[in-house]
>>> print(open('query-v2.csv').read())   # CSV, N, CA, C and O atoms
chain,number,residue,atom,x,y,z
A,1,MET,N,11.5,-13.2,19.7
A,1,MET,CA,10.1,-12.6,19.6
A,1,MET,C,10.1,-11.1,20.0
A,1,MET,O,9.4,-10.3,19.5
A,2,VAL,N,10.9,-10.8,21.0
A,2,VAL,CA,10.9,-9.4,21.5
A,2,VAL,C,11.5,-8.5,20.5
A,2,VAL,O,10.9,-7.4,20.3
A,3,ILE,N,12.5,-8.9,19.8
A,3,ILE,CA,13.1,-8.1,18.8
A,3,ILE,C,12.1,-7.9,17.6
A,3,ILE,O,11.9,-6.8,17.1
A,4,GLU,N,11.4,-9.0,17.3
A,4,GLU,CA,10.4,-8.9,16.2
A,4,GLU,C,9.3,-8.0,16.5
A,4,GLU,O,8.8,-7.2,15.7
A,5,ALA,N,8.9,-8.0,17.8
A,5,ALA,CA,7.8,-7.1,18.2
A,5,ALA,C,8.3,-5.6,18.1
A,5,ALA,O,7.5,-4.8,17.7
A,6,LYS,N,9.5,-5.4,18.5
A,6,LYS,CA,10.0,-4.0,18.4
A,6,LYS,C,10.1,-3.6,17.0
A,6,LYS,O,9.8,-2.4,16.7
A,7,ILE,N,10.5,-4.4,16.1
A,7,ILE,CA,10.6,-4.1,14.7
A,7,ILE,C,9.2,-3.8,14.1
A,7,ILE,O,9.0,-2.8,13.4
A,8,LEU,N,8.3,-4.7,14.5
A,8,LEU,CA,6.9,-4.4,14.0
A,8,LEU,C,6.4,-3.1,14.5
A,8,LEU,O,5.7,-2.4,13.7
A,9,HIS,N,6.6,-2.8,15.7
A,9,HIS,CA,6.2,-1.5,16.3
A,9,HIS,C,6.8,-0.3,15.5
A,9,HIS,O,6.2,0.7,15.2
A,10,LEU,N,8.1,-0.5,15.3
A,10,LEU,CA,8.9,0.6,14.6
A,10,LEU,C,8.5,0.7,13.1
A,10,LEU,O,8.3,1.8,12.6
A,11,LYS,N,8.3,-0.4,12.4
A,11,LYS,CA,8.0,-0.4,11.0
A,11,LYS,C,6.5,-0.2,10.6
A,11,LYS,O,6.2,0.2,9.5
A,12,GLY,N,5.6,-0.6,11.5
A,12,GLY,CA,4.2,-0.3,11.3
A,12,GLY,C,3.5,-1.4,10.6
A,12,GLY,O,4.0,-2.5,10.3
A,13,GLU,N,2.2,-1.1,10.3
A,13,GLU,CA,1.2,-2.1,9.8
A,13,GLU,C,1.6,-2.6,8.4
A,13,GLU,O,1.5,-3.8,8.2
A,14,ASN,N,2.1,-1.8,7.5
A,14,ASN,CA,2.4,-2.2,6.2
A,14,ASN,C,3.5,-3.3,6.2
A,14,ASN,O,3.5,-4.3,5.5
A,15,PHE,N,4.5,-3.1,7.1
A,15,PHE,CA,5.6,-4.0,7.3
A,15,PHE,C,5.0,-5.4,7.7
A,15,PHE,O,5.4,-6.4,7.2
A,16,ARG,N,4.1,-5.3,8.7
A,16,ARG,CA,3.5,-6.5,9.3
A,16,ARG,C,2.8,-7.3,8.2
A,16,ARG,O,2.9,-8.5,8.0
A,17,LEU,N,2.1,-6.6,7.3
A,17,LEU,CA,1.3,-7.2,6.3
A,17,LEU,C,2.2,-7.8,5.2
A,17,LEU,O,1.9,-8.9,4.7
A,18,GLU,N,3.4,-7.2,5.0
A,18,GLU,CA,4.4,-7.8,4.1
A,18,GLU,C,4.9,-9.1,4.7
A,18,GLU,O,5.1,-10.1,4.0
A,19,VAL,N,5.2,-9.1,6.0
A,19,VAL,CA,5.6,-10.4,6.7
A,19,VAL,C,4.5,-11.5,6.5
A,19,VAL,O,4.9,-12.6,6.2
A,20,VAL,N,3.3,-11.1,6.7
A,20,VAL,CA,2.2,-12.1,6.6
A,20,VAL,C,2.1,-12.6,5.2
A,20,VAL,O,2.0,-13.8,5.0
A,21,LYS,N,2.3,-11.8,4.2
A,21,LYS,CA,2.3,-12.3,2.8
A,21,LYS,C,3.4,-13.3,2.5
A,21,LYS,O,3.2,-14.3,1.9
A,22,LEU,N,4.6,-13.0,3.0
A,22,LEU,CA,5.7,-13.9,2.9
A,22,LEU,C,5.4,-15.2,3.6
A,22,LEU,O,5.7,-16.3,3.1
A,23,LYS,N,4.9,-15.1,4.8
A,23,LYS,CA,4.5,-16.4,5.5
A,23,LYS,C,3.5,-17.2,4.8
A,23,LYS,O,3.6,-18.4,4.8
A,24,GLU,N,2.5,-16.5,4.2
A,24,GLU,CA,1.5,-17.3,3.4
A,24,GLU,C,2.2,-18.0,2.2
A,24,GLU,O,1.6,-19.0,1.7
A,25,LYS,N,3.3,-17.5,1.7
A,25,LYS,CA,4.0,-18.2,0.7
A,25,LYS,C,5.0,-19.3,1.2
A,25,LYS,O,5.7,-19.9,0.4
A,26,GLY,N,4.9,-19.5,2.5
A,26,GLY,CA,5.7,-20.6,3.1
A,26,GLY,C,7.1,-20.2,3.7
A,26,GLY,O,7.8,-21.0,4.1
A,27,ILE,N,7.3,-18.9,3.7
A,27,ILE,CA,8.6,-18.4,4.3
A,27,ILE,C,8.4,-18.3,5.8
A,27,ILE,O,7.4,-17.7,6.2
A,28,LYS,N,9.3,-18.8,6.5
A,28,LYS,CA,9.3,-18.7,8.0
A,28,LYS,C,9.4,-17.2,8.5
A,28,LYS,O,9.9,-16.4,7.7
A,29,THR,N,9.1,-17.0,9.7
A,29,THR,CA,9.0,-15.6,10.2
A,29,THR,C,10.4,-14.9,10.2
A,29,THR,O,10.5,-13.8,9.7
A,30,GLU,N,11.4,-15.5,10.7
A,30,GLU,CA,12.7,-14.9,10.8
A,30,GLU,C,13.3,-14.6,9.4
A,30,GLU,O,13.7,-13.4,9.2
A,31,PRO,N,13.2,-15.5,8.5
A,31,PRO,CA,13.7,-15.2,7.1
A,31,PRO,C,12.9,-14.1,6.5
A,31,PRO,O,13.4,-13.3,5.7
A,32,ALA,N,11.6,-14.1,6.7
A,32,ALA,CA,10.7,-13.0,6.2
A,32,ALA,C,11.2,-11.7,6.7
A,32,ALA,O,11.3,-10.7,5.9
A,33,PHE,N,11.4,-11.5,8.0
A,33,PHE,CA,11.9,-10.3,8.5
A,33,PHE,C,13.2,-9.9,7.9
A,33,PHE,O,13.3,-8.7,7.5
A,34,CYS,N,14.1,-10.8,7.8
A,34,CYS,CA,15.4,-10.5,7.2
A,34,CYS,C,15.3,-10.0,5.7
A,34,CYS,O,16.0,-9.1,5.3
A,35,MET,N,14.5,-10.7,5.0
A,35,MET,CA,14.3,-10.4,3.6
A,35,MET,C,13.8,-8.9,3.5
A,35,MET,O,14.3,-8.1,2.7
A,36,LEU,N,12.8,-8.6,4.3
A,36,LEU,CA,12.2,-7.2,4.2
A,36,LEU,C,13.1,-6.2,4.7
A,36,LEU,O,13.1,-5.0,4.3
A,37,LEU,N,14.0,-6.5,5.7
A,37,LEU,CA,15.0,-5.6,6.2
A,37,LEU,C,16.3,-5.5,5.5
A,37,LEU,O,17.1,-4.7,5.7
A,38,GLY,N,16.4,-6.4,4.5
A,38,GLY,CA,17.6,-6.4,3.7
A,38,GLY,C,18.8,-7.0,4.4
A,38,GLY,O,20.0,-6.7,4.1
A,39,LEU,N,18.6,-7.9,5.4
A,39,LEU,CA,19.6,-8.5,6.2
A,39,LEU,C,20.0,-9.8,5.5
A,39,LEU,O,19.2,-10.6,5.0
A,40,THR,N,21.3,-10.1,5.5
A,40,THR,CA,21.8,-11.4,5.0
A,40,THR,C,22.6,-12.1,6.0
A,40,THR,O,23.0,-11.6,7.1
A,41,GLY,N,22.8,-13.4,5.8
A,41,GLY,CA,23.6,-14.2,6.7
A,41,GLY,C,22.6,-15.0,7.6
A,41,GLY,O,21.5,-15.3,7.2
A,42,ASN,N,23.0,-15.4,8.7
A,42,ASN,CA,22.2,-16.3,9.6
A,42,ASN,C,21.1,-15.4,10.1
A,42,ASN,O,21.3,-14.4,10.8
A,43,VAL,N,19.8,-15.8,9.8
A,43,VAL,CA,18.7,-14.9,10.1
A,43,VAL,C,18.5,-14.7,11.6
A,43,VAL,O,18.1,-13.6,12.0
A,44,TYR,N,18.8,-15.6,12.4
A,44,TYR,CA,18.7,-15.5,13.9
A,44,TYR,C,19.7,-14.5,14.4
A,44,TYR,O,19.4,-13.6,15.2
A,45,GLU,N,21.0,-14.7,14.0
A,45,GLU,CA,22.0,-13.8,14.4
A,45,GLU,C,21.8,-12.4,13.9
A,45,GLU,O,22.0,-11.4,14.7
A,46,GLU,N,21.3,-12.3,12.7
A,46,GLU,CA,21.1,-10.9,12.1
A,46,GLU,C,20.0,-10.2,12.9
A,46,GLU,O,20.1,-9.0,13.1
A,47,LEU,N,18.9,-10.9,13.2
A,47,LEU,CA,17.9,-10.2,14.0
A,47,LEU,C,18.3,-9.9,15.4
A,47,LEU,O,18.0,-8.8,15.9
A,48,LEU,N,19.1,-10.7,16.0
A,48,LEU,CA,19.7,-10.4,17.3
A,48,LEU,C,20.6,-9.2,17.3
A,48,LEU,O,20.6,-8.4,18.2
A,49,ASP,N,21.3,-9.0,16.2
A,49,ASP,CA,22.2,-7.9,16.1
A,49,ASP,C,21.5,-6.6,15.5
A,49,ASP,O,22.2,-5.6,15.5
A,50,PHE,N,20.3,-6.7,15.1
A,50,PHE,CA,19.6,-5.6,14.5
A,50,PHE,C,19.4,-4.5,15.5
A,50,PHE,O,18.9,-4.8,16.6
A,51,LYS,N,19.7,-3.3,15.2
A,51,LYS,CA,19.6,-2.2,16.1
A,51,LYS,C,18.2,-1.5,15.9
A,51,LYS,O,18.0,-1.0,14.8
A,52,VAL,N,17.4,-1.6,16.9
A,52,VAL,CA,16.0,-1.1,16.8
A,52,VAL,C,16.0,0.3,17.4
A,52,VAL,O,16.6,0.6,18.4
>>> encode(input="query-v2.csv", output="structure tokens")
Amino acid sequence: MVIEAKILHLKGENFRLEVVKLKEKGIKTEPAFCMLLGLTGNVYEELLDFKV
């Protein structure tokens, strides 16, 4: 969650709204972040390795 909060702060409100749209379509939070950031592989590992 800490990494997600940092990403949201960095990327801004539009990014947050895109995450919300994906979640409304049934996509879980971590996969939604990875989709929007263009990350592939294990979503949890990718977010942990993401450099903010």
>>> atom_distance(input="query-v2.csv", atom1="atom C of Phe33 in chain A", atom2="atom C of Lys21 in chain A")
11.7 Å
>>> closest_residue(input="query-v2.csv", among="A:Val43, A:Leu48, A:Ile27, A:Leu36", to="Lys11 in chain A", atoms="only C-alpha atoms")
A:Leu36
>>> atom_distance(input="query-v2.csv", atom1="atom O of Asp49 in chain A", atom2="CA of Gly26 in chain A")
25.5 Å
>>> atom_distance(input="query-v2.csv", atom1="atom N of Val2 in chain A", atom2="atom C of Leu47 in chain A")
9.3 Å
>>> select_by_dssp(input="query-v2.csv", residues="chain A", states="helix (DSSP H, G or I)", output="PyMOL selection string")
chain A and resi 2-11+13-24+29-37+43-49
>>> build_atoms(input="query-v2.csv", residues="range 23-34 of chain A", atoms="all heavy atoms", output="PDB file, keeping the file's coordinate frame")
ATOM      1  N   LYS A  23       4.900 -15.100   4.800  1.00  0.00           N
ATOM      2  CA  LYS A  23       4.500 -16.400   5.500  1.00  0.00           C
ATOM      3  C   LYS A  23       3.500 -17.200   4.800  1.00  0.00           C
ATOM      4  O   LYS A  23       3.600 -18.400   4.800  1.00  0.00           O
ATOM      5  CB  LYS A  23       4.069 -16.007   6.947  1.00  0.00           C
ATOM      6  CG  LYS A  23       5.221 -15.489   7.833  1.00  0.00           C
ATOM      7  CD  LYS A  23       4.798 -15.179   9.236  1.00  0.00           C
ATOM      8  CE  LYS A  23       4.247 -16.343   9.978  1.00  0.00           C
ATOM      9  NZ  LYS A  23       5.152 -17.448  10.259  1.00  0.00           N
ATOM     10  N   GLU A  24       2.500 -16.500   4.200  1.00  0.00           N
ATOM     11  CA  GLU A  24       1.500 -17.300   3.400  1.00  0.00           C
ATOM     12  C   GLU A  24       2.200 -18.000   2.200  1.00  0.00           C
ATOM     13  O   GLU A  24       1.600 -19.000   1.700  1.00  0.00           O
ATOM     14  CB  GLU A  24       0.459 -16.310   2.892  1.00  0.00           C
ATOM     15  CG  GLU A  24      -0.467 -15.828   4.006  1.00  0.00           C
ATOM     16  CD  GLU A  24      -1.419 -14.741   3.568  1.00  0.00           C
ATOM     17  OE1 GLU A  24      -1.247 -14.162   2.473  1.00  0.00           O
ATOM     18  OE2 GLU A  24      -2.351 -14.448   4.346  1.00  0.00           O
ATOM     19  N   LYS A  25       3.300 -17.500   1.700  1.00  0.00           N
ATOM     20  CA  LYS A  25       4.000 -18.200   0.700  1.00  0.00           C
ATOM     21  C   LYS A  25       5.000 -19.300   1.200  1.00  0.00           C
ATOM     22  O   LYS A  25       5.700 -19.900   0.400  1.00  0.00           O
ATOM     23  CB  LYS A  25       4.874 -17.155  -0.107  1.00  0.00           C
ATOM     24  CG  LYS A  25       4.041 -16.171  -0.876  1.00  0.00           C
ATOM     25  CD  LYS A  25       4.910 -15.177  -1.609  1.00  0.00           C
ATOM     26  CE  LYS A  25       4.055 -14.190  -2.375  1.00  0.00           C
ATOM     27  NZ  LYS A  25       4.869 -13.186  -3.065  1.00  0.00           N
ATOM     28  N   GLY A  26       4.900 -19.500   2.500  1.00  0.00           N
ATOM     29  CA  GLY A  26       5.700 -20.600   3.100  1.00  0.00           C
ATOM     30  C   GLY A  26       7.100 -20.200   3.700  1.00  0.00           C
ATOM     31  O   GLY A  26       7.800 -21.000   4.100  1.00  0.00           O
ATOM     32  N   ILE A  27       7.300 -18.900   3.700  1.00  0.00           N
ATOM     33  CA  ILE A  27       8.600 -18.400   4.300  1.00  0.00           C
ATOM     34  C   ILE A  27       8.400 -18.300   5.800  1.00  0.00           C
ATOM     35  O   ILE A  27       7.400 -17.700   6.200  1.00  0.00           O
ATOM     36  CB  ILE A  27       9.022 -17.101   3.627  1.00  0.00           C
ATOM     37  CG1 ILE A  27       9.265 -17.332   2.138  1.00  0.00           C
ATOM     38  CG2 ILE A  27      10.254 -16.519   4.309  1.00  0.00           C
ATOM     39  CD1 ILE A  27       9.489 -16.087   1.331  1.00  0.00           C
ATOM     40  N   LYS A  28       9.300 -18.800   6.500  1.00  0.00           N
ATOM     41  CA  LYS A  28       9.300 -18.700   8.000  1.00  0.00           C
ATOM     42  C   LYS A  28       9.400 -17.200   8.500  1.00  0.00           C
ATOM     43  O   LYS A  28       9.900 -16.400   7.700  1.00  0.00           O
ATOM     44  CB  LYS A  28      10.301 -19.608   8.631  1.00  0.00           C
ATOM     45  CG  LYS A  28      10.134 -21.057   8.218  1.00  0.00           C
ATOM     46  CD  LYS A  28      10.272 -21.955   9.388  1.00  0.00           C
ATOM     47  CE  LYS A  28      10.161 -23.389   8.934  1.00  0.00           C
ATOM     48  NZ  LYS A  28       8.965 -24.028   9.356  1.00  0.00           N
ATOM     49  N   THR A  29       9.100 -17.000   9.700  1.00  0.00           N
ATOM     50  CA  THR A  29       9.000 -15.600  10.200  1.00  0.00           C
ATOM     51  C   THR A  29      10.400 -14.900  10.200  1.00  0.00           C
ATOM     52  O   THR A  29      10.500 -13.800   9.700  1.00  0.00           O
ATOM     53  CB  THR A  29       8.501 -15.631  11.670  1.00  0.00           C
ATOM     54  OG1 THR A  29       7.225 -16.260  11.686  1.00  0.00           O
ATOM     55  CG2 THR A  29       8.376 -14.216  12.220  1.00  0.00           C
ATOM     56  N   GLU A  30      11.400 -15.500  10.700  1.00  0.00           N
ATOM     57  CA  GLU A  30      12.700 -14.900  10.800  1.00  0.00           C
ATOM     58  C   GLU A  30      13.300 -14.600   9.400  1.00  0.00           C
ATOM     59  O   GLU A  30      13.700 -13.400   9.200  1.00  0.00           O
ATOM     60  CB  GLU A  30      13.691 -15.662  11.656  1.00  0.00           C
ATOM     61  CG  GLU A  30      13.345 -15.688  13.129  1.00  0.00           C
ATOM     62  CD  GLU A  30      12.255 -16.687  13.495  1.00  0.00           C
ATOM     63  OE1 GLU A  30      11.764 -17.439  12.613  1.00  0.00           O
ATOM     64  OE2 GLU A  30      11.888 -16.720  14.689  1.00  0.00           O
ATOM     65  N   PRO A  31      13.200 -15.500   8.500  1.00  0.00           N
ATOM     66  CA  PRO A  31      13.700 -15.200   7.100  1.00  0.00           C
ATOM     67  C   PRO A  31      12.900 -14.100   6.500  1.00  0.00           C
ATOM     68  O   PRO A  31      13.400 -13.300   5.700  1.00  0.00           O
ATOM     69  CB  PRO A  31      13.562 -16.529   6.384  1.00  0.00           C
ATOM     70  CG  PRO A  31      13.672 -17.574   7.442  1.00  0.00           C
ATOM     71  CD  PRO A  31      12.999 -16.970   8.647  1.00  0.00           C
ATOM     72  N   ALA A  32      11.600 -14.100   6.700  1.00  0.00           N
ATOM     73  CA  ALA A  32      10.700 -13.000   6.200  1.00  0.00           C
ATOM     74  C   ALA A  32      11.200 -11.700   6.700  1.00  0.00           C
ATOM     75  O   ALA A  32      11.300 -10.700   5.900  1.00  0.00           O
ATOM     76  CB  ALA A  32       9.257 -13.285   6.523  1.00  0.00           C
ATOM     77  N   PHE A  33      11.400 -11.500   8.000  1.00  0.00           N
ATOM     78  CA  PHE A  33      11.900 -10.300   8.500  1.00  0.00           C
ATOM     79  C   PHE A  33      13.200  -9.900   7.900  1.00  0.00           C
ATOM     80  O   PHE A  33      13.300  -8.700   7.500  1.00  0.00           O
ATOM     81  CB  PHE A  33      12.082 -10.406  10.043  1.00  0.00           C
ATOM     82  CG  PHE A  33      10.884 -10.049  10.868  1.00  0.00           C
ATOM     83  CD1 PHE A  33       9.811 -10.927  10.975  1.00  0.00           C
ATOM     84  CD2 PHE A  33      10.827  -8.859  11.559  1.00  0.00           C
ATOM     85  CE1 PHE A  33       8.713 -10.619  11.749  1.00  0.00           C
ATOM     86  CE2 PHE A  33       9.725  -8.531  12.336  1.00  0.00           C
ATOM     87  CZ  PHE A  33       8.666  -9.409  12.430  1.00  0.00           C
ATOM     88  N   CYS A  34      14.100 -10.800   7.800  1.00  0.00           N
ATOM     89  CA  CYS A  34      15.400 -10.500   7.200  1.00  0.00           C
ATOM     90  C   CYS A  34      15.300 -10.000   5.700  1.00  0.00           C
ATOM     91  O   CYS A  34      16.000  -9.100   5.300  1.00  0.00           O
ATOM     92  CB  CYS A  34      16.366 -11.634   7.371  1.00  0.00           C
ATOM     93  SG  CYS A  34      16.931 -11.818   9.084  1.00  0.00           S
TER      94      CYS A  34
END
